[in-house]
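One file, model.txt, carrying compact mmCIF, C-alpha atoms:
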# COMPACT_ATOMS: atom_id res chain seq x y z
CA MET A 1 7.88 -18.75 1.08
CA ALA A 2 9.07 -16.87 -1.98
CA SER A 3 10.98 -18.95 -4.47
CA ALA A 4 13.27 -16.18 -5.68
CA LEU A 5 15.39 -13.52 -4.04
CA SER A 6 13.51 -10.84 -5.93
CA ASP A 7 10.36 -11.88 -4.10
CA LEU A 8 11.98 -10.93 -0.79
CA LEU A 9 13.13 -7.48 -1.81
CA PRO A 10 11.07 -4.69 -0.25
CA ARG A 11 8.70 -2.84 -2.55
CA LEU A 12 8.98 0.80 -1.55
CA ARG A 13 6.31 3.39 -1.15
CA LEU A 14 8.28 6.44 -2.28
CA GLN A 15 7.31 10.00 -1.42
CA ALA A 16 4.58 11.41 -3.61
CA PRO A 17 5.12 14.95 -4.94
CA GLY A 18 1.47 15.60 -4.08
CA SER A 19 -1.38 13.61 -3.41
CA GLY A 20 -10.89 10.27 -11.56
CA GLU A 21 -11.66 11.45 -14.34
CA GLU A 22 -14.93 12.54 -15.90
CA GLY A 23 -16.33 10.32 -18.62
CA SER A 24 -15.15 6.91 -19.73
CA ALA A 25 -12.24 5.65 -21.75
CA GLN A 26 -12.21 6.09 -25.48
CA GLY A 27 -11.20 3.32 -27.84
CA GLY A 28 -13.11 0.55 -26.09
CA GLY A 29 -11.34 -2.09 -28.14
CA ARG A 30 -8.18 -1.53 -26.11
CA ARG A 31 -9.86 -1.58 -22.73
CA LEU A 32 -8.88 -4.40 -20.39
CA ARG A 33 -11.49 -6.88 -19.38
CA GLY A 34 -13.28 -6.00 -16.16
CA GLY A 35 -13.92 -9.51 -14.92
CA GLY A 36 -11.61 -11.87 -13.07
CA PRO A 37 -10.81 -15.51 -13.75
CA ASP A 38 -13.49 -17.68 -15.33
CA GLU A 39 -16.33 -18.67 -13.01
CA GLY A 40 -15.54 -21.92 -11.27
CA SER A 41 -11.78 -21.51 -11.43
CA GLU A 42 -9.64 -22.01 -8.35
CA GLU A 43 -8.80 -18.30 -8.31
CA ARG A 44 -12.45 -17.26 -8.36
CA GLN A 45 -13.28 -19.71 -5.57
CA LEU A 46 -10.44 -18.29 -3.47
CA ARG A 47 -11.58 -14.74 -4.14
CA GLN A 48 -15.12 -15.53 -3.02
CA ARG A 49 -14.23 -17.22 0.23
CA LEU A 50 -15.01 -15.68 3.60
CA ASP A 51 -13.04 -12.72 4.88
CA VAL A 52 -9.57 -13.31 6.22
CA LEU A 53 -9.33 -11.22 9.39
CA VAL A 54 -5.67 -10.41 9.92
CA PRO A 55 -4.41 -9.06 13.28
CA THR A 56 -1.74 -6.37 13.36
CA VAL A 57 0.72 -5.54 16.13
CA TRP A 58 2.15 -2.02 16.14
CA HIS A 59 5.55 -1.08 17.57
CA PHE A 60 6.12 2.68 17.87
CA LEU A 61 9.73 3.71 18.51
CA SER A 62 10.37 6.90 20.46
CA TYR A 63 13.18 8.94 22.03
CA ARG A 64 13.89 11.33 24.88
CA ASP A 65 14.50 15.00 24.14
CA ASP A 66 17.15 16.93 26.04
CA ASP A 67 14.47 18.16 28.46
CA GLY A 68 13.38 14.58 29.17
CA SER A 69 10.12 14.74 27.24
CA LEU A 70 9.10 11.87 25.02
CA GLY A 71 9.26 12.33 21.27
CA PRO A 72 8.26 12.56 18.53
CA PRO A 73 5.48 15.10 19.15
CA GLY A 74 2.16 13.31 19.21
CA ILE A 75 3.57 9.91 20.22
CA ARG A 76 1.06 9.68 23.08
CA GLY A 77 -1.68 9.43 20.46
CA ALA A 78 0.09 6.81 18.38
CA CYS A 79 -2.31 3.96 19.09
CA ALA A 80 -5.36 6.06 18.25
CA ALA A 81 -3.67 7.05 15.00
CA ALA A 82 -2.99 3.39 14.17
CA ALA A 83 -6.63 2.50 14.84
CA ARG A 84 -7.81 5.35 12.61
CA MET A 85 -5.74 4.39 9.59
CA THR A 86 -6.57 0.70 10.07
CA ALA A 87 -10.26 1.54 9.89
CA LEU A 88 -9.69 3.54 6.71
CA ALA A 89 -7.70 0.70 5.16
CA ASN A 90 -10.58 -1.67 5.94
CA GLN A 91 -12.99 0.58 4.06
CA ARG A 92 -10.83 0.11 0.98
CA LEU A 93 -10.42 -3.63 1.55
CA ALA A 94 -14.20 -4.15 1.59
CA GLY A 95 -15.08 -6.70 -1.06
CA SER A 96 -11.58 -8.19 -1.21
CA GLY A 97 -12.13 -10.91 1.38
CA PHE A 98 -9.46 -9.38 3.64
CA ALA A 99 -9.77 -7.20 6.72
CA VAL A 100 -7.30 -6.09 9.38
CA ALA A 101 -7.60 -5.38 13.09
CA VAL A 102 -5.31 -3.90 15.72
CA ARG A 103 -4.48 -6.83 18.00
CA GLU A 104 -1.95 -4.92 20.08
CA CYS A 105 -0.32 -1.50 20.06
CA ARG A 106 2.97 -0.82 21.85
CA ALA A 107 3.92 2.83 22.22
CA ASP A 108 4.99 3.08 25.88
CA PRO A 109 8.77 2.76 26.30
CA GLU A 110 8.33 2.32 30.04
CA GLY A 111 6.59 -0.97 29.40
CA TYR A 112 8.65 -1.95 26.35
CA ARG A 113 12.20 -0.69 26.68
CA TYR A 114 13.21 -1.79 23.18
CA LEU A 115 11.02 1.00 21.79
CA LEU A 116 13.17 3.81 23.24
CA LYS A 117 16.08 5.20 21.23
CA PRO A 118 18.74 7.22 23.08
CA SER A 119 18.22 10.41 21.03
CA ARG A 120 16.23 11.95 18.22
CA ASP A 121 19.19 11.46 15.89
CA ALA A 122 19.24 7.74 16.71
CA TRP A 123 15.50 7.55 16.08
CA LEU A 124 15.84 9.32 12.72
CA ALA A 125 18.67 6.97 11.81
CA CYS A 126 16.20 4.07 11.85
CA ALA A 127 14.88 5.44 8.53
CA PRO A 128 17.98 7.02 6.97
CA ALA A 129 18.29 9.17 3.88
CA SER A 130 20.49 6.58 2.23
CA GLY A 131 17.48 4.46 1.32
CA ASP A 132 18.29 1.75 3.85
CA TYR A 133 15.30 0.20 5.52
CA PHE A 134 14.27 0.06 9.15
CA TYR A 135 15.23 -3.61 9.27
CA ALA A 136 18.76 -2.78 8.05
CA ALA A 137 19.27 0.18 10.39
CA CYS A 138 17.37 -0.87 13.54
CA GLY A 139 16.21 -4.38 12.77
CA SER A 140 17.96 -6.06 15.69
CA ILE A 141 14.75 -5.54 17.70
CA ILE A 142 12.46 -7.32 15.25
CA ARG A 143 12.94 -11.00 16.07
CA PRO A 144 12.96 -10.51 19.90
CA SER A 145 9.91 -8.22 19.89
CA VAL A 146 7.61 -9.83 17.34
CA VAL A 147 4.16 -10.89 18.61
CA ASP A 148 1.86 -13.67 17.36
CA PHE A 149 3.97 -14.30 14.25
CA PRO A 150 3.12 -15.31 11.55
CA ARG A 151 -0.59 -14.97 12.30
CA SER A 152 -0.25 -11.24 13.00
CA ILE A 153 1.50 -8.66 10.85
CA ASN A 154 3.97 -6.73 13.00
CA ILE A 155 4.36 -3.08 11.99
CA TYR A 156 7.35 -1.00 13.10
CA VAL A 157 7.13 2.79 13.06
CA ALA A 158 10.07 5.20 13.27
CA GLY A 159 11.65 8.12 11.45
CA GLU A 160 10.53 11.09 9.42
CA MET A 161 10.76 12.55 5.95
CA PRO A 162 13.29 14.08 5.55
CA PRO A 163 15.78 12.47 5.96
CA SER A 164 13.96 9.34 4.80
CA THR A 165 12.79 9.15 1.19
CA MET A 166 9.97 6.62 1.59
CA TRP A 167 6.72 6.41 3.51
CA GLY A 168 7.06 2.69 4.20
CA TYR A 169 7.93 -0.74 2.87
CA GLY A 170 6.71 -4.32 2.76
CA PHE A 171 7.80 -7.67 1.33
CA VAL A 172 6.25 -9.53 -1.60
CA PRO A 173 4.99 -11.68 0.01
CA GLY A 174 5.71 -11.31 3.71
CA ALA A 175 7.68 -14.34 4.91
CA ALA A 176 5.95 -16.71 7.33
CA ASP A 177 9.12 -18.31 8.73
CA ASP A 178 11.14 -15.23 9.76
CA PRO A 179 9.71 -11.88 10.90
CA PHE A 180 12.86 -10.11 9.71
CA TRP A 181 11.49 -10.70 6.20
CA GLY A 182 7.84 -10.70 7.19
CA HIS A 183 7.02 -7.35 8.79
CA ILE A 184 5.98 -3.88 7.60
CA GLY A 185 7.90 -0.67 8.22
CA LEU A 186 6.30 2.78 8.26
CA LEU A 187 7.51 6.30 8.93
CA TRP A 188 6.09 8.23 11.86
CA ASP A 189 5.02 10.83 9.25
CA THR A 190 2.87 8.16 7.64
CA VAL A 191 0.96 7.48 10.86
CA THR A 192 0.66 10.82 12.63
CA PRO A 193 -2.50 12.88 11.99
CA ASP A 194 -0.22 15.92 11.82
CA SER A 195 1.10 14.65 8.48
CA GLN A 196 -0.16 11.88 6.18
CA ASN A 197 -2.85 10.28 8.37
CA SER A 198 -5.29 13.06 7.62
CA PRO A 199 -7.98 14.15 5.12
CA ASP A 200 -5.77 17.16 4.38
CA ALA A 201 -3.26 14.70 2.87
CA TYR A 202 -6.02 12.80 1.04
CA GLU A 203 -5.43 10.00 3.58
CA SER A 204 -2.03 9.21 2.11
CA GLY A 205 -1.10 7.42 5.35
CA ALA A 206 -3.98 4.94 5.12
CA PHE A 207 -3.23 4.33 1.45
CA THR A 208 0.41 3.67 2.29
CA LEU A 209 -0.62 1.14 4.95
CA LEU A 210 -2.98 -0.48 2.45
CA HIS A 211 -0.25 -0.63 -0.21
CA GLU A 212 2.16 -2.38 2.16
CA LEU A 213 -0.50 -4.80 3.41
CA LEU A 214 -1.22 -5.79 -0.18
CA HIS A 215 2.49 -6.38 -0.72
CA HIS A 216 2.52 -8.59 2.39
CA TRP A 217 -0.33 -10.63 0.92
CA GLY A 218 1.58 -11.13 -2.32
CA LEU A 219 0.74 -8.27 -4.67
CA PRO A 220 3.63 -6.82 -6.68
CA HIS A 221 3.65 -3.37 -8.21
CA THR A 222 1.87 -2.86 -11.50
CA PHE A 223 5.00 -1.20 -12.96
CA PRO A 224 8.48 -2.60 -13.73
CA PRO A 225 11.33 -2.49 -11.22
CA GLU A 226 13.61 0.52 -11.13
CA GLY A 227 16.51 0.31 -13.54
CA ILE A 228 14.59 -1.14 -16.48
CA PRO A 229 15.65 0.86 -19.59
CA ALA A 230 12.91 3.17 -20.84
CA ASN A 231 13.02 1.65 -24.31
CA THR A 232 12.20 -1.82 -22.95
CA SER A 233 9.89 -0.98 -20.03
CA CYS A 234 6.74 -1.83 -22.02
CA GLU A 235 7.96 -5.20 -23.27
CA GLN A 236 6.72 -7.22 -20.31
CA ASP A 237 3.73 -6.83 -18.00
CA ALA A 238 5.14 -6.41 -14.48
CA ASP A 239 2.56 -8.58 -12.69
CA ALA A 240 1.31 -10.91 -15.45
CA SER A 241 3.76 -13.65 -14.47
CA ARG A 242 1.86 -13.98 -11.17
CA GLY A 243 -1.48 -14.40 -12.88
CA VAL A 244 -2.62 -10.77 -12.81
CA ARG A 245 -3.98 -10.30 -16.32
CA ASP A 246 -6.42 -7.45 -15.77
CA THR A 247 -3.96 -4.65 -15.05
CA PRO A 248 -2.40 -2.86 -18.02
CA THR A 249 1.22 -3.01 -19.06
CA VAL A 250 2.73 0.28 -17.88
CA SER A 251 6.18 1.78 -18.20
CA ALA A 252 6.53 3.39 -14.76
CA PRO A 253 4.52 4.75 -11.80
CA VAL A 254 1.78 7.28 -12.46
CA TRP A 255 3.52 10.22 -10.85
CA THR A 256 6.65 9.84 -13.02
CA GLN A 257 4.79 9.98 -16.34
CA PRO A 258 4.92 12.98 -18.72
CA TRP A 259 1.19 13.37 -18.13
CA ALA A 260 1.45 13.09 -14.32
CA THR A 261 0.29 16.67 -13.70
CA ALA A 262 -2.69 16.22 -16.01
CA ALA A 263 -3.53 13.02 -14.15
CA PHE A 264 -3.47 14.86 -10.82
CA PHE A 265 -5.94 17.49 -11.99
CA SER A 266 -8.10 14.85 -13.64
CA CYS A 267 -8.35 12.97 -10.34
CA LEU A 268 -8.97 16.21 -8.46
CA ARG A 269 -11.90 17.03 -10.75
CA THR A 270 -13.35 13.57 -10.17
CA TRP A 271 -12.90 13.98 -6.41
CA GLU A 272 -14.63 17.36 -6.34
CA ALA A 273 -17.45 16.60 -8.79
CA PRO A 274 -20.63 14.59 -8.15
CA PRO A 275 -21.15 11.96 -6.91
CA LEU A 276 -18.09 12.21 -4.61
CA GLN A 277 -17.92 15.97 -4.03
CA GLY A 278 -15.00 15.53 -1.67
CA ASP A 279 -16.98 13.30 0.69
CA TRP A 280 -14.99 10.46 2.26
CA GLY A 281 -18.08 8.42 3.02
CA ALA A 282 -19.14 8.57 -0.61
CA SER A 283 -15.60 7.72 -1.64
CA ALA A 284 -15.52 4.62 0.56
CA SER A 285 -18.93 3.50 -0.70
CA ALA A 286 -17.81 3.94 -4.30
CA ALA A 287 -14.66 1.92 -3.62
CA SER A 288 -16.72 -0.89 -2.09
CA ALA A 289 -19.09 -0.84 -5.06
CA ARG A 290 -16.16 -1.09 -7.47
CA ALA A 291 -14.87 -4.10 -5.56
CA ALA A 292 -18.27 -5.80 -5.46
CA ALA A 293 -18.86 -5.20 -9.17
CA ALA A 294 -15.29 -6.13 -10.13
CA GLY A 295 -15.37 -2.86 -12.05
CA PHE A 296 -12.72 -0.28 -12.79
CA ALA A 297 -13.84 1.02 -16.19
CA ASP A 298 -13.88 4.58 -14.86
CA ASP A 299 -10.11 4.31 -14.38
CA GLN A 300 -9.19 3.53 -18.00
CA LEU A 301 -8.74 6.78 -19.89
CA SER A 302 -7.04 6.88 -23.24
CA ARG A 303 -4.98 10.00 -22.64
CA PHE A 304 -3.18 8.31 -19.73
CA ASP A 305 -1.39 5.51 -21.53
CA SER A 306 2.32 4.92 -20.97
CA CYS A 307 2.46 1.86 -23.26
CA PRO A 308 0.19 2.73 -26.22
CA GLN A 309 1.36 -0.32 -28.16
CA ARG A 310 0.00 -2.63 -25.43
CA PRO A 311 -3.62 -3.26 -24.37
CA GLY A 312 -5.18 -1.11 -21.70
CA PHE A 313 -4.67 2.35 -20.27
CA ASP A 314 -2.81 3.22 -17.06
CA GLN A 315 -4.94 2.84 -13.93
CA LEU A 316 -4.47 6.02 -11.90
CA GLY A 317 -6.21 4.59 -8.84
CA ASN A 318 -4.80 1.08 -8.61
CA TYR A 319 -3.51 0.67 -5.06
CA MET A 320 -0.38 -1.09 -6.34
CA THR A 321 1.06 1.75 -8.37
CA TYR A 322 2.66 4.94 -7.06
CA SER A 323 0.02 7.56 -7.70
CA TRP A 324 -1.30 10.80 -6.31
CA PRO A 325 -3.30 10.22 -3.11
CA VAL A 326 -6.23 12.14 -4.60
CA CYS A 327 -6.35 9.53 -7.39
CA LEU A 328 -6.51 6.76 -4.80
CA ALA A 329 -9.25 8.65 -2.96
CA ALA A 330 -11.30 9.18 -6.12
CA LEU A 331 -10.61 5.99 -8.08
CA GLY A 332 -8.95 3.56 -5.65
CA HIS A 333 -9.30 -0.14 -6.44
CA VAL A 334 -7.67 -3.50 -6.88
CA THR A 335 -8.67 -5.75 -9.75
CA PRO A 336 -10.29 -9.20 -9.53
CA ASP A 337 -7.05 -10.91 -10.53
CA GLN A 338 -5.17 -8.99 -7.85
CA VAL A 339 -7.70 -10.12 -5.24
CA ALA A 340 -7.39 -13.71 -6.44
CA LEU A 341 -3.61 -13.50 -6.14
CA MET A 342 -3.87 -12.15 -2.58
CA HIS A 343 -5.90 -15.18 -1.52
CA ALA A 344 -3.86 -17.72 -3.44
CA MET A 345 -0.51 -16.36 -2.23
CA THR A 346 -1.62 -16.09 1.40
CA ALA A 347 -3.04 -19.62 1.36
CA HIS A 348 0.25 -20.90 -0.03
CA VAL A 349 2.77 -18.85 1.98
CA ASN A 350 0.99 -18.26 5.28
CA PRO A 351 -2.04 -20.54 5.78
CA ASP A 352 -1.97 -19.70 9.51
CA MET A 353 -3.15 -16.22 8.61
How does this structure look as structure tokens?
Amino acid sequence: MASALSDLLPRLRLQAPGSGEEGSAQGGGRRLRGGGPDEGSEERQLRQRLDVLVPTVWHFLSYRDDDGSLGPPGIRGACAAAARMTALANQRLAGSGFAVAVRECRADPEGYRYLLKPSRDAWLACAPASGDYFYAACGSIIRPSVVDFPRSINIYVAGEMPPSTMWGYGFVPGAADDPFWGHIGLLWDTVTPDSQNSPDAYESGAFTLLHELLHHWGLPHTFPPEGIPANTSCEQDADASRGVRDTPTVSAPVWTQPWATAAFFSCLRTWEAPPLQGDWGASASAASARAAAAGFADDQLSRFDSCPQRPGFDQLGNYMTYSWPVCLAALGHVTPDQVALMHAMTAHVNPDM
């Protein structure tokens, strides 16, 4: 269980305005080390252990339209959509020692009455524009409906953007003693193939799911919390206190930087050029190779550096920043220290998993 209140606050996946780079970083002396903890350390042993297969249980909320039809549009295909994005998340988890599976999917309000909201407005209110979370607006259903907790991660899906301003949320780490603080919340937009669960969106939905899963397993963001003054945002590495030493100190998420547009087009060029050439199979293979080699040197480019006085360059494709989905598609990775933290935190907080 987290030792501080800040560890229980949701880490949001905010809406991206849109969704690698040729060559390697210049100024090699400032590049972060590519390896993880020293061989033989407890962290390295944890990272190398067998895969942790984590079940998920999906709860899709719905509503009745005035004509009696079930909404939102596409809800009948919800479970297939969940299976699709779970498979994509697993491609990106390859090499981490973690994998997820759909244990159960509940999308039929006839069988599970708690899933049905009385109107579309009530359904939308579960993910309000105010920034409140599903658990604050509609969380009364969580404790009675949770399945196989804490072994399984229960995922609740409701709402759209707009009015909501976030694709989803998770807890750092997910609590193992109370599902109210140990679940994941996603928007319907995140899961439906008509929106973010699609190649047309650079698989933003799957990357959102992955981001929230990594939060649940203990990974914080690579950037400081909101509200840190700009003139002090580079003074402390956001995740170093948890033992993550191989991510750079950054001032803010990728898509908020002055060079954010340049980063987008850089990632787009990497995505469209050989060896990826816009191929998702090649992208998944490259991500697995990066994980196996503990390598992310292709995501350290000197012109993308929000804290030039600190070591390292911003990682456009780290799954724990807010970045363009095309950057995650082209350069997506976690670092060895992040993987070690996932295993160490899960073993400590939720050994049943």
### atom CA of A:Tyr133 to atom CA of A:Ala238, straight-line distance in Å
23.4 Å
#### Entry: Point-to-point distance from atom CA of A:Gly243 to atom CA of A:Pro311, Å rounded to tenths
16.1 Å
### Task
Quick one: everything within 9 Å of stretch 50-62 of chain A, counting all atoms listed in the file, minus sequence neighbours fewer than 2 positions away in the same chain. Send it as JSON, numbers by chain.
{"A": [46, 47, 48, 64, 70, 71, 72, 75, 78, 79, 82, 95, 96, 97, 98, 99, 100, 101, 102, 103, 104, 105, 106, 107, 108, 109, 114, 115, 116, 117, 118, 119, 120, 123, 145, 146, 147, 148, 151, 152, 153, 154, 155, 156, 157, 158, 159, 188, 343, 353]}
### Task
Find the distance between atom CA of A:Tyr135 and atom CA of A:Phe180 and write it in Å to one decimal.
6.9 Å
### Query
Contacts of stretch 206-214 of chain A at 10 Å or less, counting all atoms listed in the file, minus same-chain residues fewer than 5 places along, as an MDAnalysis selection string?
chainID A and resid 10:14 82 84:90 92:93 98 100 153 155 167:174 183:186 190:191 196:198 219:221 318:322 325 328:329 332 334 338:339 342
### Query
For A:Arg290, which residue out of A:Ala94, A:Ala80, A:Ala176, A:Met166 is the nearest one, using only C-alpha atoms?
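Ranking A:Ala94, A:Ala80, A:Ala176, A:Met166 by distance to A:Arg290, first place goes to A:Ala94.
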### Message
My list of candidates is A:Pro308, A:Pro199, A:Pro144, A:Pro162. Which is closest to A:Gly281 when distances are computed with all atoms listed in the file?
### Response
A:Pro199
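With all atoms listed in the file as the atoms that count, the minimum distance from A:Thr270 to the choices A:Glu160, A:Asp337, A:Asp299, A:Glu203 is reached by A:Asp299.
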#### Entry: Nearest candidate to A:Val349 (options A:Asp65, A:Asp305, A:Asp178, A:Asp314; using only C-alpha atoms)
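Closest to A:Val349, using only C-alpha atoms: A:Asp178.
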